[in-house]
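> Please find target14.tsv (TSV, C-alpha atoms) on the next line:
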chain	number	residue	atom	x	y	z
A	121	MET	CA	59.95	-22.19	17.23
A	122	ASP	CA	59.42	-19.92	14.24
A	123	GLU	CA	60.45	-16.32	15.04
A	124	ASN	CA	57.26	-14.84	13.57
A	125	ILE	CA	55.10	-17.11	15.70
A	126	LEU	CA	57.16	-16.20	18.77
A	127	ASN	CA	56.70	-12.50	18.09
A	128	GLU	CA	52.95	-12.97	17.69
A	129	LEU	CA	52.77	-14.82	20.99
A	130	ASN	CA	54.78	-12.13	22.76
A	131	GLU	CA	52.53	-9.43	21.36
A	132	TYR	CA	49.45	-11.42	22.41
A	133	ASN	CA	50.75	-11.80	25.95
A	134	ILE	CA	51.54	-8.09	26.23
A	135	ILE	CA	48.03	-7.18	25.14
A	136	LYS	CA	46.52	-9.79	27.41
A	137	GLU	CA	48.43	-8.64	30.48
A	138	CYS	CA	47.87	-4.88	30.00
A	139	PRO	CA	44.55	-3.46	31.20
A	140	ASP	CA	42.47	-1.36	28.85
A	141	GLU	CA	44.01	2.11	28.69
A	142	THR	CA	42.01	5.03	30.01
A	143	ILE	CA	42.00	8.24	28.01
A	144	ILE	CA	41.00	11.74	29.07
A	145	LEU	CA	39.38	13.86	26.38
A	146	ASN	CA	39.58	17.54	27.28
A	147	VAL	CA	36.99	19.17	25.04
A	148	GLY	CA	36.82	22.93	25.40
A	149	GLY	CA	37.88	22.65	29.05
A	150	ILE	CA	35.38	19.89	30.00
A	151	LYS	CA	37.07	16.56	30.64
A	152	TYR	CA	35.62	13.18	29.67
A	153	GLU	CA	37.33	9.98	30.80
A	154	THR	CA	36.83	6.80	28.83
A	155	TYR	CA	38.60	3.67	27.62
A	156	ARG	CA	40.54	3.43	24.39
A	157	SER	CA	38.47	0.37	23.46
A	158	THR	CA	35.25	2.42	23.84
A	159	LEU	CA	36.47	4.73	21.08
A	160	THR	CA	38.10	2.16	18.80
A	161	ALA	CA	34.91	0.09	18.81
A	162	TYR	CA	33.77	2.57	16.14
A	163	PRO	CA	36.80	2.74	13.78
A	164	GLU	CA	34.87	4.70	11.14
A	165	THR	CA	34.67	7.74	13.44
A	166	PHE	CA	37.24	10.49	14.01
A	167	LEU	CA	38.25	9.33	17.51
A	168	GLY	CA	37.90	5.67	16.61
A	169	THR	CA	40.51	6.14	13.90
A	170	MET	CA	42.70	8.44	15.94
A	171	PHE	CA	43.19	5.98	18.80
A	172	GLN	CA	43.83	2.89	16.71
A	173	LYS	CA	47.08	1.20	17.76
A	174	ARG	CA	48.60	1.80	14.33
A	175	ASN	CA	48.34	5.57	14.94
A	176	GLN	CA	49.95	5.50	18.39
A	177	GLU	CA	53.11	7.31	17.28
A	178	LEU	CA	51.10	10.12	15.69
A	179	LEU	CA	49.33	11.05	18.92
A	180	ASN	CA	50.37	14.14	20.81
A	181	PRO	CA	48.93	14.01	24.33
A	182	ARG	CA	48.74	17.26	26.26
A	183	ASN	CA	49.52	15.71	29.62
A	184	GLY	CA	50.08	11.97	30.01
A	185	ASN	CA	46.92	10.43	28.62
A	186	GLU	CA	45.00	13.69	28.18
A	187	TYR	CA	44.11	15.01	24.73
A	188	PHE	CA	42.74	18.49	24.08
A	189	PHE	CA	40.14	19.40	21.45
A	190	ASP	CA	39.12	22.99	20.85
A	191	ARG	CA	35.45	22.14	20.41
A	192	SER	CA	32.25	22.51	22.44
A	193	GLY	CA	32.63	20.54	25.66
A	194	GLN	CA	28.92	20.78	26.39
A	195	ILE	CA	27.84	19.31	23.05
A	196	PHE	CA	30.53	16.62	23.26
A	197	HIS	CA	28.20	14.90	25.74
A	198	TYR	CA	26.22	13.66	22.74
A	199	VAL	CA	29.39	12.35	21.08
A	200	MET	CA	30.33	10.32	24.19
A	201	GLN	CA	26.78	9.09	24.45
A	202	PHE	CA	27.17	7.53	21.00
A	203	TYR	CA	30.45	5.79	21.90
A	204	ARG	CA	29.02	4.38	25.12
A	205	THR	CA	25.57	3.31	23.90
A	206	GLY	CA	25.71	3.31	20.11
A	207	LYS	CA	22.82	5.77	20.10
A	208	ILE	CA	22.24	9.51	20.24
A	209	CYS	CA	19.35	10.62	22.47
A	210	TYR	CA	18.56	14.32	22.25
A	211	GLY	CA	15.96	14.21	25.05
A	212	ASP	CA	12.95	16.47	25.30
A	213	GLN	CA	14.86	19.56	26.46
A	214	ILE	CA	17.84	20.43	24.28
A	215	PRO	CA	19.87	23.35	25.70
A	216	LEU	CA	21.41	24.12	22.32
A	217	SER	CA	20.14	24.15	18.78
A	218	LEU	CA	20.05	20.92	16.82
A	219	LYS	CA	22.15	22.58	14.14
A	220	GLU	CA	24.98	23.15	16.63
A	221	ILE	CA	24.79	19.54	17.80
A	222	GLU	CA	24.77	18.24	14.23
A	223	THR	CA	27.85	20.36	13.45
A	224	GLU	CA	29.83	18.72	16.27
A	225	LEU	CA	28.60	15.24	15.35
A	226	ASP	CA	29.78	15.87	11.78
A	227	PHE	CA	33.20	17.05	13.01
A	228	PHE	CA	33.73	13.86	15.03
A	229	GLN	CA	32.29	11.82	12.13
A	230	ILE	CA	29.51	10.25	14.18
A	231	PRO	CA	27.20	8.23	11.91
A	232	ARG	CA	23.46	8.76	12.13
A	233	SER	CA	20.66	6.75	10.65
A	234	THR	CA	18.94	8.55	7.82
A	235	ALA	CA	15.17	8.87	7.83
A	236	SER	CA	12.88	9.80	4.97
A	237	ALA	CA	10.35	12.58	5.25
A	238	ILE	CA	7.64	9.97	5.79
A	239	ASP	CA	9.70	8.23	8.48
A	240	LYS	CA	10.01	11.56	10.26
A	241	VAL	CA	6.23	11.80	10.58
A	242	VAL	CA	6.20	8.64	12.71
A	243	ILE	CA	9.32	9.75	14.58
A	244	THR	CA	7.68	13.06	15.46
A	245	LYS	CA	4.45	11.45	16.64
A	246	ALA	CA	6.26	8.85	18.78
A	247	THR	CA	8.46	11.57	20.27
A	248	ASN	CA	5.44	13.75	21.06
A	249	LEU	CA	3.74	10.86	22.85
A	250	ILE	CA	6.83	10.15	24.95
A	251	ASN	CA	7.08	13.84	25.84
A	252	ALA	CA	3.41	13.82	26.87
A	253	PHE	CA	4.13	10.94	29.24
A	254	LYS	CA	7.07	12.91	30.68
A	255	GLN	CA	4.90	15.99	31.13
A	256	LEU	CA	2.30	13.91	32.98
A	257	ILE	CA	4.95	12.40	35.27
A	258	LYS	CA	6.43	15.84	35.96
A	259	GLU	CA	3.13	17.51	36.80
A	260	VAL	CA	1.91	14.68	39.03
A	261	ALA	CA	5.27	14.48	40.83
A	262	GLU	CA	5.25	18.25	41.49
A	263	ILE	CA	1.74	18.08	42.97
A	264	TYR	CA	2.63	15.20	45.26
A	265	MET	CA	5.91	16.84	46.31
A	266	LYS	CA	4.10	20.02	47.24
A	267	GLU	CA	1.51	18.19	49.32
A	268	SER	CA	4.11	16.01	51.04
A	269	SER	CA	6.49	18.97	51.67
A	270	PHE	CA	9.14	17.31	49.49
A	271	LYS	CA	9.05	14.12	51.55
A	272	ASN	CA	8.45	10.60	50.32
A	273	PHE	CA	5.35	9.92	48.23
A	274	LYS	CA	3.74	7.24	46.09
A	275	ALA	CA	1.55	8.19	43.13
A	276	GLU	CA	-0.39	6.05	40.69
A	277	MET	CA	-1.65	7.06	37.25
A	278	LEU	CA	-3.93	5.07	34.98
A	279	ILE	CA	-3.90	6.02	31.30
A	280	LEU	CA	-6.31	4.60	28.71
A	281	PHE	CA	-5.81	4.96	24.94
A	282	LEU	CA	-8.77	3.80	22.83
A	283	ASP	CA	-8.48	2.88	19.17
A	284	ASN	CA	-11.10	5.52	18.33
A	285	GLY	CA	-8.71	8.31	19.36
A	286	GLN	CA	-9.89	8.92	22.90
A	287	ALA	CA	-7.64	9.14	25.95
A	288	THR	CA	-8.39	9.27	29.66
A	289	VAL	CA	-6.13	9.78	32.66
A	290	ASN	CA	-6.95	8.98	36.27
A	291	VAL	CA	-4.69	9.78	39.22
A	292	ASP	CA	-5.16	8.23	42.66
A	293	LYS	CA	-5.42	11.68	44.24
A	294	LYS	CA	-8.53	13.76	43.68
A	295	GLY	CA	-8.48	17.41	42.78
A	296	ILE	CA	-5.86	17.22	40.00
A	297	LEU	CA	-7.27	19.19	37.08
A	298	GLY	CA	-6.23	19.34	33.44
A	299	ILE	CA	-4.23	16.10	33.47
A	300	SER	CA	-6.18	14.47	30.64
A	301	ASP	CA	-5.41	17.47	28.43
A	302	ILE	CA	-1.75	16.42	28.39
A	303	PHE	CA	-2.57	13.84	25.70
A	304	GLU	CA	-4.90	16.15	23.76
A	305	ASN	CA	-2.47	16.51	20.84
A	306	THR	CA	-1.38	12.87	20.79
A	307	LYS	CA	-4.52	10.87	21.60
A	308	ASN	CA	-5.56	10.44	17.96
A	309	TYR	CA	-2.55	8.20	17.25
A	310	ALA	CA	-1.53	7.09	20.78
A	311	TYR	CA	-3.21	3.67	20.43
A	312	ASN	CA	-1.26	2.86	17.25
A	313	ILE	CA	2.07	4.15	18.58
A	314	MET	CA	1.58	1.98	21.67
A	315	ALA	CA	0.95	-1.03	19.42
A	316	LEU	CA	4.32	-0.45	17.75
A	317	TYR	CA	6.63	0.89	20.46
A	318	ARG	CA	5.09	0.15	23.88
A	319	ASP	CA	8.07	-1.88	25.16
A	320	GLU	CA	10.59	0.70	23.98
A	321	ILE	CA	8.61	3.56	25.56
A	322	LYS	CA	8.33	1.59	28.81
A	323	SER	CA	12.07	0.91	28.87
A	324	HIS	CA	12.93	4.53	28.07
A	325	LEU	CA	10.77	5.98	30.84
A	326	GLU	CA	11.86	3.44	33.45
A	327	ASN	CA	15.51	4.18	32.64
A	328	GLU	CA	15.01	7.93	32.87
A	329	TYR	CA	12.90	7.70	36.02
A	330	PRO	CA	14.31	4.95	38.32
A	331	GLU	CA	11.42	5.62	40.75
A	332	LEU	CA	8.88	4.66	38.10
A	333	THR	CA	7.28	1.33	37.23
A	334	TRP	CA	5.13	0.76	34.16
A	335	VAL	CA	2.58	-2.00	33.52
A	336	HIS	CA	0.51	-2.15	30.34
A	337	GLN	CA	-2.41	-4.24	29.20
A	338	HIS	CA	-4.04	-4.60	25.80
A	339	ASN	CA	-7.65	-5.40	24.99
A	340	GLY	CA	-8.24	-6.42	21.36
A	341	GLU	CA	-11.91	-7.29	21.48
A	342	ASP	CA	-14.89	-5.04	20.68
A	343	LEU	CA	-13.59	-2.13	22.75
A	344	GLN	CA	-9.92	-1.99	21.84
A	345	TYR	CA	-7.59	-0.10	24.13
A	346	TRP	CA	-4.20	0.09	25.76
A	347	LYS	CA	-4.24	0.52	29.54
A	348	ILE	CA	-1.05	1.79	31.18
A	349	LYS	CA	-0.51	1.95	34.93
A	350	ILE	CA	2.39	4.17	36.00
A	351	THR	CA	3.51	4.17	39.61
A	352	ILE	CA	6.01	6.63	41.09
A	353	ASP	CA	7.51	5.58	44.42
A	354	TRP	CA	9.83	8.43	45.39
A	355	ASN	CA	12.07	8.62	48.44
A	356	LEU	CA	14.00	11.79	49.19
A	357	ASN	CA	17.75	11.22	48.91
A	358	TYR	CA	18.99	14.32	50.71
A	359	GLU	CA	22.71	13.85	49.99
A	360	LYS	CA	22.27	13.06	46.29
A	361	ILE	CA	20.05	16.08	45.70
A	362	LEU	CA	22.33	18.38	47.67
A	363	ALA	CA	25.35	17.20	45.71
A	364	ASN	CA	23.61	17.98	42.43
A	365	VAL	CA	22.36	21.35	43.64
A	366	LEU	CA	25.83	22.41	44.72
A	367	ASN	CA	27.48	20.56	41.82
A	368	ILE	CA	29.83	18.76	44.23
What does this structure look like when you write it as structure tokens?

Amino acid sequence: MDENILNELNEYNIIKECPDETIILNVGGIKYETYRSTLTAYPETFLGTMFQKRNQELLNPRNGNEYFFDRSGQIFHYVMQFYRTGKICYGDQIPLSLKEIETELDFFQIPRSTASAIDKVVITKATNLINAFKQLIKEVAEIYMKESSFKNFKAEMLILFLDNGQATVNVDKKGILGISDIFENTKNYAYNIMALYRDEIKSHLENEYPELTWVHQHNGEDLQYWKIKITIDWNLNYEKILANVLNI
């Protein structure tokens, strides 16, 4: 057998038999554990290039498979989010300034989609609508938790967005005031945003709130509207909450 072919087969077998290598990234004292393949899946990035097999001899691990970077460990969360999902989600509550986050993303050469000034108008409006949904969920959940003494509860919300810019909110518990005002700043374009991104908004909220289910319905006749029914079915997980409170 040709020696080159034999070498290729040997190399293939070695790769096939070896499990994917885990790597610990110590960023400013905060450790992130991931797979080499997670990083090299994006070869155009700093870490994707660094951990390519061809650069193996250039690496200088601090301790076994641990590599130290003197950067912000807190912001590095957004970098790892990109490697694991291919996306960067800033969320509705950013603990640091966007400029600081962008600086770290630039350092690690994380690509971002570019949006025009006009694109950003739609982005802002869609983001504001999602945040309004989150505010509604938060306020309703807090009311139900208070009344149930932080025990299990089930809450239902019915939201209606009309194409004429009106919005109504009904909750299955009476006495909740000011809930409809949550969509006051977004109701003028909520119907159109729902027409474009309803499935993505549904998926985003259900992922962020595992206790939540979302069902929507569209009426396209004379009275055009989007009707959304959100249900929160929450059960107190004492151990999980305690672990997060004590950071165990």
> Could you give me, as a list in words, the residues within 8 Å of Asp292 in chain A, counting all atoms listed in the file and dropping anything in the same chain fewer than 6 positions from it?
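The contact residues come out as Ala275, Glu276 and Met277 of chain A.
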> When you draw a straight line from CA of Lys151 in chain A to CA of Leu366 in chain A, how long is it in Å?
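Interatomic distance, CA of Lys151 in chain A to CA of Leu366 in chain A: 18.9 Å.
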> Would you work out the distance separating CA of Phe273 in chain A from CA of Asp353 in chain A, expressed in Å to one decimal?
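Between CA of Phe273 in chain A and CA of Asp353 in chain A the gap works out to 6.2 Å.
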> Using only C-alpha atoms, which residue out of A:Glu186, A:Glu141, A:Glu331, A:Glu177 lies closest to Lys274 in chain A?
A:Glu331
> Select, from A:Leu356, A:Ile313, A:Val335, A:Leu325, the residue with the minimum atom-to-atom distance to Val241 in chain A, counting only C-alpha atoms.
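Answer, going by the shortest atom-to-atom distance: A:Ile313.
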> Counting only C-alpha atoms, which of A:Ile144, A:Ile230, A:Ile279, A:Ile150 gets nearest to Pro163 in chain A?
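When distances to Pro163 in chain A are compared using only C-alpha atoms, the smallest one comes from A:Ile230.
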> Under the rule that only C-alpha atoms are counted, which of A:Asn290, A:Gln255, A:Thr244, A:Thr160 is the nearest residue to Tyr309 in chain A?
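Among A:Asn290, A:Gln255, A:Thr244, A:Thr160, it is A:Thr244 that comes nearest to Tyr309 in chain A.
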> Using all atoms listed in the file, can you tell me which of A:Pro231, A:Leu218, A:Glu267, A:Thr223 comes closest to Glu164 in chain A?
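Among the listed residues, A:Pro231 lies closest to Glu164 in chain A.
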> What's the separation between CA of Ser269 in chain A and CA of Ile299 in chain A, in Å to one decimal place?
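Interatomic distance here is 21.3 Å.
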> Do you have, as a tab-separated table, the list of residues of range 237-322 of chain A lying at most 9 Å from range 336-343 of chain A, each with its nearest atom pair and that distance in Å to one decimal, counting all atoms listed in the file and ordered by chain then number?

residue	atom	partner	partner_atom	distance
A:Leu282	CA	A:Leu343	CA	7.6
A:Asp283	CA	A:Leu343	CA	8.0
A:Ala315	CA	A:His338	CA	8.9
A:Arg318	CA	A:His336	CA	8.2
A:Lys322	CA	A:His336	CA	8.8
> Please write as a PyMOL selection string the list of polymer residues whose atoms come within 8 Å of (-5.5, 8.2, 22.7), counting all atoms listed in the file and keeping to the coordinates of the file.
chain A and resi 280-288+303+306-311
> Give the answer as one residue: which of A:Glu326, A:Glu359, A:Glu224, A:Asp239 has the shortest atom-to-atom distance to Gly193 in chain A, using all atoms listed in the file?
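Among the listed residues, the smallest separation from Gly193 in chain A belongs to A:Glu224.
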> Quick one: everything within 12 Å of Glu320 in chain A, counting all atoms listed in the file, minus sequence neighbours fewer than 6 positions away in the same chain. Send it as a PyMOL selection string.
chain A and resi 246-247+250+313-314+326-327+334
> Within 12 Å of (47.3, 5.0, 22.6), all atoms listed in the file: residues as a PDB file with C-alpha atoms, in the coordinates of the input?

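Written file, part.pdb:
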ATOM      1  CA  ASP A 140      42.470  -1.360  28.850  1.00  0.00           C
ATOM      2  CA  GLU A 141      44.010   2.110  28.690  1.00  0.00           C
ATOM      3  CA  THR A 142      42.010   5.030  30.010  1.00  0.00           C
ATOM      4  CA  ILE A 143      42.000   8.240  28.010  1.00  0.00           C
ATOM      5  CA  ILE A 144      41.000  11.740  29.070  1.00  0.00           C
ATOM      6  CA  TYR A 155      38.600   3.670  27.620  1.00  0.00           C
ATOM      7  CA  ARG A 156      40.540   3.430  24.390  1.00  0.00           C
ATOM      8  CA  SER A 157      38.470   0.370  23.460  1.00  0.00           C
ATOM      9  CA  LEU A 159      36.470   4.730  21.080  1.00  0.00           C
ATOM     10  CA  THR A 160      38.100   2.160  18.800  1.00  0.00           C
ATOM     11  CA  LEU A 167      38.250   9.330  17.510  1.00  0.00           C
ATOM     12  CA  GLY A 168      37.900   5.670  16.610  1.00  0.00           C
ATOM     13  CA  THR A 169      40.510   6.140  13.900  1.00  0.00           C
ATOM     14  CA  MET A 170      42.700   8.440  15.940  1.00  0.00           C
ATOM     15  CA  PHE A 171      43.190   5.980  18.800  1.00  0.00           C
ATOM     16  CA  GLN A 172      43.830   2.890  16.710  1.00  0.00           C
ATOM     17  CA  LYS A 173      47.080   1.200  17.760  1.00  0.00           C
ATOM     18  CA  ARG A 174      48.600   1.800  14.330  1.00  0.00           C
ATOM     19  CA  ASN A 175      48.340   5.570  14.940  1.00  0.00           C
ATOM     20  CA  GLN A 176      49.950   5.500  18.390  1.00  0.00           C
ATOM     21  CA  GLU A 177      53.110   7.310  17.280  1.00  0.00           C
ATOM     22  CA  LEU A 178      51.100  10.120  15.690  1.00  0.00           C
ATOM     23  CA  LEU A 179      49.330  11.050  18.920  1.00  0.00           C
ATOM     24  CA  ASN A 180      50.370  14.140  20.810  1.00  0.00           C
ATOM     25  CA  PRO A 181      48.930  14.010  24.330  1.00  0.00           C
ATOM     26  CA  GLY A 184      50.080  11.970  30.010  1.00  0.00           C
ATOM     27  CA  ASN A 185      46.920  10.430  28.620  1.00  0.00           C
ATOM     28  CA  GLU A 186      45.000  13.690  28.180  1.00  0.00           C
ATOM     29  CA  TYR A 187      44.110  15.010  24.730  1.00  0.00           C
TER      30      TYR A 187
END
> Would you pick out the contacts of range 206-209 of chain A at 10 Å or less, using all atoms listed in the file, so that residues sharing its chain but fewer than 4 positions from it are not included, and give the list as a list of chain:residue names?
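So, after excluding close chain neighbours, the residues are A:Ala161, A:Tyr162, A:His197, A:Tyr198, A:Val199, A:Met200, A:Gln201, A:Phe202, A:Leu225, A:Ile230, A:Pro231, A:Arg232, A:Ser233.
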